[in-house]
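Asks: Structure file start_31.csv, CSV, N, CA, C and O atoms, is pasted below:
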chain,number,residue,atom,x,y,z
R,1,MET,N,0.8,-1.2,0.0
R,1,MET,CA,0.0,0.0,0.0
R,1,MET,C,0.9,1.3,0.0
R,1,MET,O,0.5,2.2,-0.7
R,2,ALA,N,1.9,1.2,0.8
R,2,ALA,CA,2.8,2.4,0.9
R,2,ALA,C,3.8,2.5,-0.2
R,2,ALA,O,4.4,3.5,-0.4
R,3,GLY,N,4.1,1.4,-0.8
R,3,GLY,CA,5.1,1.4,-1.8
R,3,GLY,C,6.6,1.3,-1.3
R,3,GLY,O,7.5,1.5,-2.1
R,4,ARG,N,6.7,1.0,0.0
R,4,ARG,CA,8.0,0.8,0.5
R,4,ARG,C,8.0,-0.1,1.8
R,4,ARG,O,6.9,-0.3,2.3
R,5,VAL,N,9.1,-0.5,2.3
R,5,VAL,CA,9.2,-1.3,3.5
R,5,VAL,C,9.6,-0.5,4.6
R,5,VAL,O,10.4,0.5,4.5
R,6,GLY,N,9.0,-0.7,5.8
R,6,GLY,CA,9.4,0.0,7.0
R,6,GLY,C,8.2,0.9,7.5
R,6,GLY,O,7.2,1.0,6.8
R,7,PRO,N,8.4,1.5,8.6
R,7,PRO,CA,7.4,2.4,9.2
R,7,PRO,C,7.0,3.5,8.2
R,7,PRO,O,7.9,4.2,7.6
R,8,CYS,N,5.7,3.7,8.1
R,8,CYS,CA,5.2,4.8,7.2
R,8,CYS,C,3.8,5.1,7.5
R,8,CYS,O,3.1,4.3,8.2
R,9,VAL,N,3.3,6.2,7.0
R,9,VAL,CA,1.9,6.6,7.1
R,9,VAL,C,1.2,6.0,6.0
R,9,VAL,O,1.7,6.0,4.8
R,10,ILE,N,0.1,5.3,6.2
R,10,ILE,CA,-0.7,4.7,5.2
R,10,ILE,C,-1.2,5.8,4.2
R,10,ILE,O,-1.4,6.9,4.6
R,11,CYS,N,-1.3,5.4,2.9
R,11,CYS,CA,-1.7,6.4,1.9
R,11,CYS,C,-3.0,7.1,2.2
R,11,CYS,O,-3.8,6.5,2.9
R,12,ARG,N,-3.2,8.2,1.6
R,12,ARG,CA,-4.4,9.0,1.9
R,12,ARG,C,-5.7,8.3,1.6
R,12,ARG,O,-6.7,8.7,2.2
R,13,ALA,N,-5.7,7.4,0.7
R,13,ALA,CA,-6.9,6.7,0.4
R,13,ALA,C,-7.5,5.9,1.6
R,13,ALA,O,-8.7,5.6,1.7
R,14,PHE,N,-6.6,5.6,2.6
R,14,PHE,CA,-7.0,4.8,3.8
R,14,PHE,C,-6.9,5.6,5.1
R,14,PHE,O,-7.0,5.1,6.2
R,15,THR,N,-6.5,6.9,5.0
R,15,THR,CA,-6.4,7.8,6.2
R,15,THR,C,-7.3,9.0,6.0
R,15,THR,O,-7.1,9.8,5.1
R,16,GLN,N,-8.3,9.1,6.9
R,16,GLN,CA,-9.2,10.2,6.8
R,16,GLN,C,-8.5,11.6,7.0
R,16,GLN,O,-8.9,12.5,6.3
R,17,ASP,N,-7.6,11.6,7.9
R,17,ASP,CA,-7.0,12.9,8.2
R,17,ASP,C,-5.5,12.7,8.4
R,17,ASP,O,-5.0,12.4,9.5
R,18,SER,N,-4.7,12.8,7.3
R,18,SER,CA,-3.3,12.5,7.4
R,18,SER,C,-2.5,13.5,8.3
R,18,SER,O,-1.5,13.1,8.9
R,19,THR,N,-2.9,14.7,8.4
R,19,THR,CA,-2.3,15.7,9.2
R,19,THR,C,-2.4,15.2,10.7
R,19,THR,O,-1.4,15.3,11.4
R,20,THR,N,-3.5,14.8,11.1
R,20,THR,CA,-3.7,14.3,12.5
R,20,THR,C,-2.9,13.0,12.7
R,20,THR,O,-2.4,12.8,13.7
R,21,ALA,N,-2.8,12.2,11.6
R,21,ALA,CA,-2.1,10.9,11.7
R,21,ALA,C,-0.6,11.3,12.0
R,21,ALA,O,0.0,10.7,12.9
R,22,LEU,N,0.0,12.3,11.4
R,22,LEU,CA,1.3,12.7,11.6
R,22,LEU,C,1.5,13.2,13.0
R,22,LEU,O,2.5,12.9,13.7
R,23,ALA,N,0.6,14.0,13.5
R,23,ALA,CA,0.6,14.6,14.8
R,23,ALA,C,0.5,13.5,15.9
R,23,ALA,O,1.2,13.6,16.9
R,24,SER,N,-0.2,12.5,15.6
R,24,SER,CA,-0.3,11.3,16.5
R,24,SER,C,1.0,10.6,16.6
R,24,SER,O,1.4,10.2,17.7
R,25,LEU,N,1.7,10.5,15.5
R,25,LEU,CA,3.0,9.8,15.5
R,25,LEU,C,4.0,10.6,16.3
R,25,LEU,O,4.9,10.0,16.9
R,26,GLU,N,3.9,11.9,16.2
R,26,GLU,CA,4.8,12.8,17.0
R,26,GLU,C,4.6,12.5,18.5
R,26,GLU,O,5.6,12.4,19.3
R,27,LYS,N,3.4,12.3,19.0
R,27,LYS,CA,3.1,11.9,20.4
R,27,LYS,C,3.6,10.5,20.7
R,27,LYS,O,4.1,10.3,21.8
R,28,ILE,N,3.4,9.6,19.8
R,28,ILE,CA,3.8,8.2,20.0
R,28,ILE,C,5.3,8.2,20.1
R,28,ILE,O,5.9,7.4,20.9
R,29,ALA,N,6.1,9.1,19.4
R,29,ALA,CA,7.5,9.1,19.5
R,29,ALA,C,8.0,9.4,20.9
R,29,ALA,O,9.2,9.2,21.2
R,30,GLU,N,7.2,10.0,21.7
R,30,GLU,CA,7.6,10.3,23.1
R,30,GLU,C,7.7,9.1,24.0
R,30,GLU,O,8.3,9.2,25.1
R,31,HIS,N,7.2,8.0,23.6
R,31,HIS,CA,7.3,6.8,24.4
R,31,HIS,C,8.5,5.9,24.2
R,31,HIS,O,9.0,5.7,23.1
R,32,ASP,N,9.1,5.5,25.3
R,32,ASP,CA,10.3,4.7,25.3
R,32,ASP,C,10.0,3.2,25.3
R,32,ASP,O,9.9,2.6,26.4
R,33,ILE,N,9.7,2.7,24.1
R,33,ILE,CA,9.3,1.2,24.0
R,33,ILE,C,10.3,0.6,23.0
R,33,ILE,O,10.5,1.1,21.9
R,34,ALA,N,10.9,-0.5,23.4
R,34,ALA,CA,11.9,-1.1,22.6
R,34,ALA,C,11.5,-1.8,21.4
R,34,ALA,O,12.1,-1.8,20.3
R,35,THR,N,10.4,-2.6,21.5
R,35,THR,CA,9.9,-3.5,20.4
R,35,THR,C,8.5,-3.1,20.0
R,35,THR,O,7.6,-2.9,20.9
R,36,VAL,N,8.2,-3.1,18.7
R,36,VAL,CA,6.9,-2.9,18.2
R,36,VAL,C,6.5,-4.2,17.4
R,36,VAL,O,7.2,-4.7,16.6
R,37,LEU,N,5.3,-4.6,17.7
R,37,LEU,CA,4.7,-5.8,17.0
R,37,LEU,C,3.6,-5.3,16.0
R,37,LEU,O,2.5,-5.2,16.4
R,38,PRO,N,4.0,-5.0,14.8
R,38,PRO,CA,3.0,-4.5,13.8
R,38,PRO,C,2.0,-5.6,13.4
R,38,PRO,O,2.3,-6.8,13.6
R,39,GLY,N,0.9,-5.2,12.8
R,39,GLY,CA,0.0,-6.1,12.4
R,39,GLY,C,0.4,-7.0,11.2
R,39,GLY,O,0.0,-8.1,10.9
R,40,HIS,N,1.4,-6.4,10.5
R,40,HIS,CA,2.0,-7.1,9.3
R,40,HIS,C,3.5,-7.0,9.4
R,40,HIS,O,4.0,-6.0,9.8
R,41,GLY,N,4.2,-8.0,8.9
R,41,GLY,CA,5.7,-8.0,8.9
R,41,GLY,C,6.3,-8.4,10.2
R,41,GLY,O,5.7,-8.8,11.1
R,42,GLU,N,7.6,-8.2,10.2
R,42,GLU,CA,8.5,-8.6,11.3
R,42,GLU,C,8.4,-7.6,12.4
R,42,GLU,O,8.0,-6.5,12.2
R,43,ALA,N,8.8,-8.1,13.6
R,43,ALA,CA,8.8,-7.2,14.8
R,43,ALA,C,9.8,-6.1,14.5
R,43,ALA,O,10.9,-6.3,13.9
R,44,TRP,N,9.5,-4.9,15.0
R,44,TRP,CA,10.4,-3.8,14.8
R,44,TRP,C,11.2,-3.6,16.2
R,44,TRP,O,10.5,-3.4,17.2
R,45,THR,N,12.5,-3.8,16.2
R,45,THR,CA,13.2,-3.8,17.4
R,45,THR,C,14.1,-2.6,17.6
R,45,THR,O,14.9,-2.6,18.5
R,46,ASP,N,13.9,-1.6,16.8
R,46,ASP,CA,14.7,-0.4,16.9
R,46,ASP,C,14.0,0.7,17.7
R,46,ASP,O,14.4,1.9,17.7
R,47,GLY,N,12.9,0.3,18.4
R,47,GLY,CA,12.2,1.3,19.2
R,47,GLY,C,11.1,2.0,18.6
R,47,GLY,O,11.1,2.3,17.4
R,48,LEU,N,10.1,2.2,19.4
R,48,LEU,CA,8.8,2.9,18.9
R,48,LEU,C,9.1,4.3,18.4
R,48,LEU,O,8.6,4.7,17.4
R,49,ALA,N,9.9,5.0,19.2
R,49,ALA,CA,10.2,6.4,18.8
R,49,ALA,C,10.9,6.5,17.4
R,49,ALA,O,10.5,7.3,16.6
R,50,ARG,N,11.8,5.6,17.2
R,50,ARG,CA,12.5,5.6,15.9
R,50,ARG,C,11.5,5.3,14.7
R,50,ARG,O,11.5,5.9,13.7
R,51,ALA,N,10.6,4.3,15.0
R,51,ALA,CA,9.6,3.9,14.0
R,51,ALA,C,8.7,5.1,13.7
R,51,ALA,O,8.4,5.4,12.5
R,52,ALA,N,8.2,5.8,14.7
R,52,ALA,CA,7.3,6.9,14.5
R,52,ALA,C,8.0,8.0,13.8
R,52,ALA,O,7.5,8.6,12.9
R,53,ARG,N,9.3,8.3,14.2
R,53,ARG,CA,10.0,9.4,13.5
R,53,ARG,C,10.3,9.1,12.0
R,53,ARG,O,10.2,9.9,11.1
R,54,GLN,N,10.6,7.8,11.7
R,54,GLN,CA,10.8,7.4,10.4
R,54,GLN,C,9.5,7.5,9.5
R,54,GLN,O,9.5,8.0,8.4
R,55,ALA,N,8.4,7.2,10.1
R,55,ALA,CA,7.1,7.3,9.4
R,55,ALA,C,6.8,8.8,9.1
R,55,ALA,O,6.4,9.2,8.0
R,56,VAL,N,7.1,9.7,10.1
R,56,VAL,CA,6.8,11.1,9.9
R,56,VAL,C,7.8,11.7,8.9
R,56,VAL,O,7.3,12.5,8.0
R,57,ALA,N,9.0,11.2,8.9
R,57,ALA,CA,10.0,11.7,7.9
R,57,ALA,C,9.6,11.3,6.5
R,57,ALA,O,9.9,12.1,5.5
R,58,GLY,N,8.9,10.2,6.3
R,58,GLY,CA,8.4,9.8,5.0
R,58,GLY,C,7.3,10.6,4.5
R,58,GLY,O,7.1,10.7,3.3
R,59,GLY,N,6.6,11.3,5.4
R,59,GLY,CA,5.6,12.2,5.0
R,59,GLY,C,4.3,11.5,4.6
R,59,GLY,O,4.1,10.3,4.7
R,60,ILE,N,3.4,12.3,4.0
R,60,ILE,CA,2.1,11.8,3.6
R,60,ILE,C,2.2,11.5,2.1
R,60,ILE,O,2.7,12.3,1.3
R,61,ARG,N,1.6,10.4,1.7
R,61,ARG,CA,1.6,9.9,0.3
R,61,ARG,C,0.2,10.0,-0.2
R,61,ARG,O,-0.7,9.7,0.3
Here is the file; what I need is its structure written in the form of structure tokens.

Replies:
Amino acid sequence: MAGRVGPCVICRAFTQDSTTALASLEKIAEHDIATVLPGHGEAWTDGLARAARQAVAGGIR
């Protein structure tokens, strides 16, 4: 759906308010959690904050 591998914001077709989605990720990045278990793919072990920041850096598609 996103056209790439790794943390990202889902494309606009599936996100009602992409600006709010990005703001939510900024809040999520404040949490110190080591491992993320996404609904799809492998476990992310580089931390929740890094995943959220990577998704925000990718922007809205």

Asks: Rank nothing, just name the residue among R:Glu26, R:Thr15, R:Thr45, R:His40 nearest to Ala57 in chain R, using only C-alpha atoms.

Replies: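 Under the stated criterion, the closest residue is R:Glu26.
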
Asks: Could you state the separation of atom C of Glu30 in chain R and atom O of Ser18 in chain R in Å, given to one decimal place?

Replies: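 One can read the atom C of Glu30 in chain R to atom O of Ser18 in chain R distance as 18.1 Å.
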
Asks: What separation in Å, quoted to one decimal, exists between CA of Ile60 in chain R and CA of Ala21 in chain R?

Replies: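 Rounded to one decimal, the two atoms are 9.2 Å apart.
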
Asks: Around the point (10.5, 1.1, 17.4), in the coordinates given by the file, pick out the residues reaching within 8 Å, counting all atoms listed in the file, and return them as a PyMOL selection string.

Replies: chain R and resi 31+33-37+43-53

Asks: Please save N, CA, C and O atoms of the selected residues as a JSON list (two decimals), in the frame of the given file.

Replies:
[["chain", "number", "residue", "atom", "x", "y", "z"],
["R", 31, "HIS", "N", 7.20, 8.00, 23.60],
["R", 31, "HIS", "CA", 7.30, 6.80, 24.40],
["R", 31, "HIS", "C", 8.50, 5.90, 24.20],
["R", 31, "HIS", "O", 9.00, 5.70, 23.10],
["R", 33, "ILE", "N", 9.70, 2.70, 24.10],
["R", 33, "ILE", "CA", 9.30, 1.20, 24.00],
["R", 33, "ILE", "C", 10.30, 0.60, 23.00],
["R", 33, "ILE", "O", 10.50, 1.10, 21.90],
["R", 34, "ALA", "N", 10.90, -0.50, 23.40],
["R", 34, "ALA", "CA", 11.90, -1.10, 22.60],
["R", 34, "ALA", "C", 11.50, -1.80, 21.40],
["R", 34, "ALA", "O", 12.10, -1.80, 20.30],
["R", 35, "THR", "N", 10.40, -2.60, 21.50],
["R", 35, "THR", "CA", 9.90, -3.50, 20.40],
["R", 35, "THR", "C", 8.50, -3.10, 20.00],
["R", 35, "THR", "O", 7.60, -2.90, 20.90],
["R", 36, "VAL", "N", 8.20, -3.10, 18.70],
["R", 36, "VAL", "CA", 6.90, -2.90, 18.20],
["R", 36, "VAL", "C", 6.50, -4.20, 17.40],
["R", 36, "VAL", "O", 7.20, -4.70, 16.60],
["R", 37, "LEU", "N", 5.30, -4.60, 17.70],
["R", 37, "LEU", "CA", 4.70, -5.80, 17.00],
["R", 37, "LEU", "C", 3.60, -5.30, 16.00],
["R", 37, "LEU", "O", 2.50, -5.20, 16.40],
["R", 43, "ALA", "N", 8.80, -8.10, 13.60],
["R", 43, "ALA", "CA", 8.80, -7.20, 14.80],
["R", 43, "ALA", "C", 9.80, -6.10, 14.50],
["R", 43, "ALA", "O", 10.90, -6.30, 13.90],
["R", 44, "TRP", "N", 9.50, -4.90, 15.00],
["R", 44, "TRP", "CA", 10.40, -3.80, 14.80],
["R", 44, "TRP", "C", 11.20, -3.60, 16.20],
["R", 44, "TRP", "O", 10.50, -3.40, 17.20],
["R", 45, "THR", "N", 12.50, -3.80, 16.20],
["R", 45, "THR", "CA", 13.20, -3.80, 17.40],
["R", 45, "THR", "C", 14.10, -2.60, 17.60],
["R", 45, "THR", "O", 14.90, -2.60, 18.50],
["R", 46, "ASP", "N", 13.90, -1.60, 16.80],
["R", 46, "ASP", "CA", 14.70, -0.40, 16.90],
["R", 46, "ASP", "C", 14.00, 0.70, 17.70],
["R", 46, "ASP", "O", 14.40, 1.90, 17.70],
["R", 47, "GLY", "N", 12.90, 0.30, 18.40],
["R", 47, "GLY", "CA", 12.20, 1.30, 19.20],
["R", 47, "GLY", "C", 11.10, 2.00, 18.60],
["R", 47, "GLY", "O", 11.10, 2.30, 17.40],
["R", 48, "LEU", "N", 10.10, 2.20, 19.40],
["R", 48, "LEU", "CA", 8.80, 2.90, 18.90],
["R", 48, "LEU", "C", 9.10, 4.30, 18.40],
["R", 48, "LEU", "O", 8.60, 4.70, 17.40],
["R", 49, "ALA", "N", 9.90, 5.00, 19.20],
["R", 49, "ALA", "CA", 10.20, 6.40, 18.80],
["R", 49, "ALA", "C", 10.90, 6.50, 17.40],
["R", 49, "ALA", "O", 10.50, 7.30, 16.60],
["R", 50, "ARG", "N", 11.80, 5.60, 17.20],
["R", 50, "ARG", "CA", 12.50, 5.60, 15.90],
["R", 50, "ARG", "C", 11.50, 5.30, 14.70],
["R", 50, "ARG", "O", 11.50, 5.90, 13.70],
["R", 51, "ALA", "N", 10.60, 4.30, 15.00],
["R", 51, "ALA", "CA", 9.60, 3.90, 14.00],
["R", 51, "ALA", "C", 8.70, 5.10, 13.70],
["R", 51, "ALA", "O", 8.40, 5.40, 12.50],
["R", 52, "ALA", "N", 8.20, 5.80, 14.70],
["R", 52, "ALA", "CA", 7.30, 6.90, 14.50],
["R", 52, "ALA", "C", 8.00, 8.00, 13.80],
["R", 52, "ALA", "O", 7.50, 8.60, 12.90],
["R", 53, "ARG", "N", 9.30, 8.30, 14.20],
["R", 53, "ARG", "CA", 10.00, 9.40, 13.50],
["R", 53, "ARG", "C", 10.30, 9.10, 12.00],
["R", 53, "ARG", "O", 10.20, 9.90, 11.10]]

Asks: Where does DSSP see helix (DSSP H, G or I) in range 11-51 of chain R, if you list the residues as a list in words?

Replies: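 Everything in range 11-51 of chain R that counts as helix (DSSP H, G or I) is Arg12, Ala13, Phe14, Ser18, Thr19, Thr20, Ala21, Leu22, Ala23, Ser24, Leu25, Glu26, Lys27, Ile28, Leu48, Ala49, Arg50 and Ala51 of chain R.
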
Asks: In Å, with one decimal, what is the gap from CA of Ala55 in chain R to atom N of Cys11 in chain R?

Replies: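 Taking CA of Ala55 in chain R and atom N of Cys11 in chain R, their separation equals 10.8 Å.
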
Asks: Have a look at R:Arg61, R:Gly39, R:Gln54, R:Leu25 and name the one nearest to Ala13 in chain R; count only N, CA, C and O atoms.

Replies: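 Of R:Arg61, R:Gly39, R:Gln54, R:Leu25, the one nearest Ala13 in chain R, counting only N, CA, C and O atoms, is R:Arg61.
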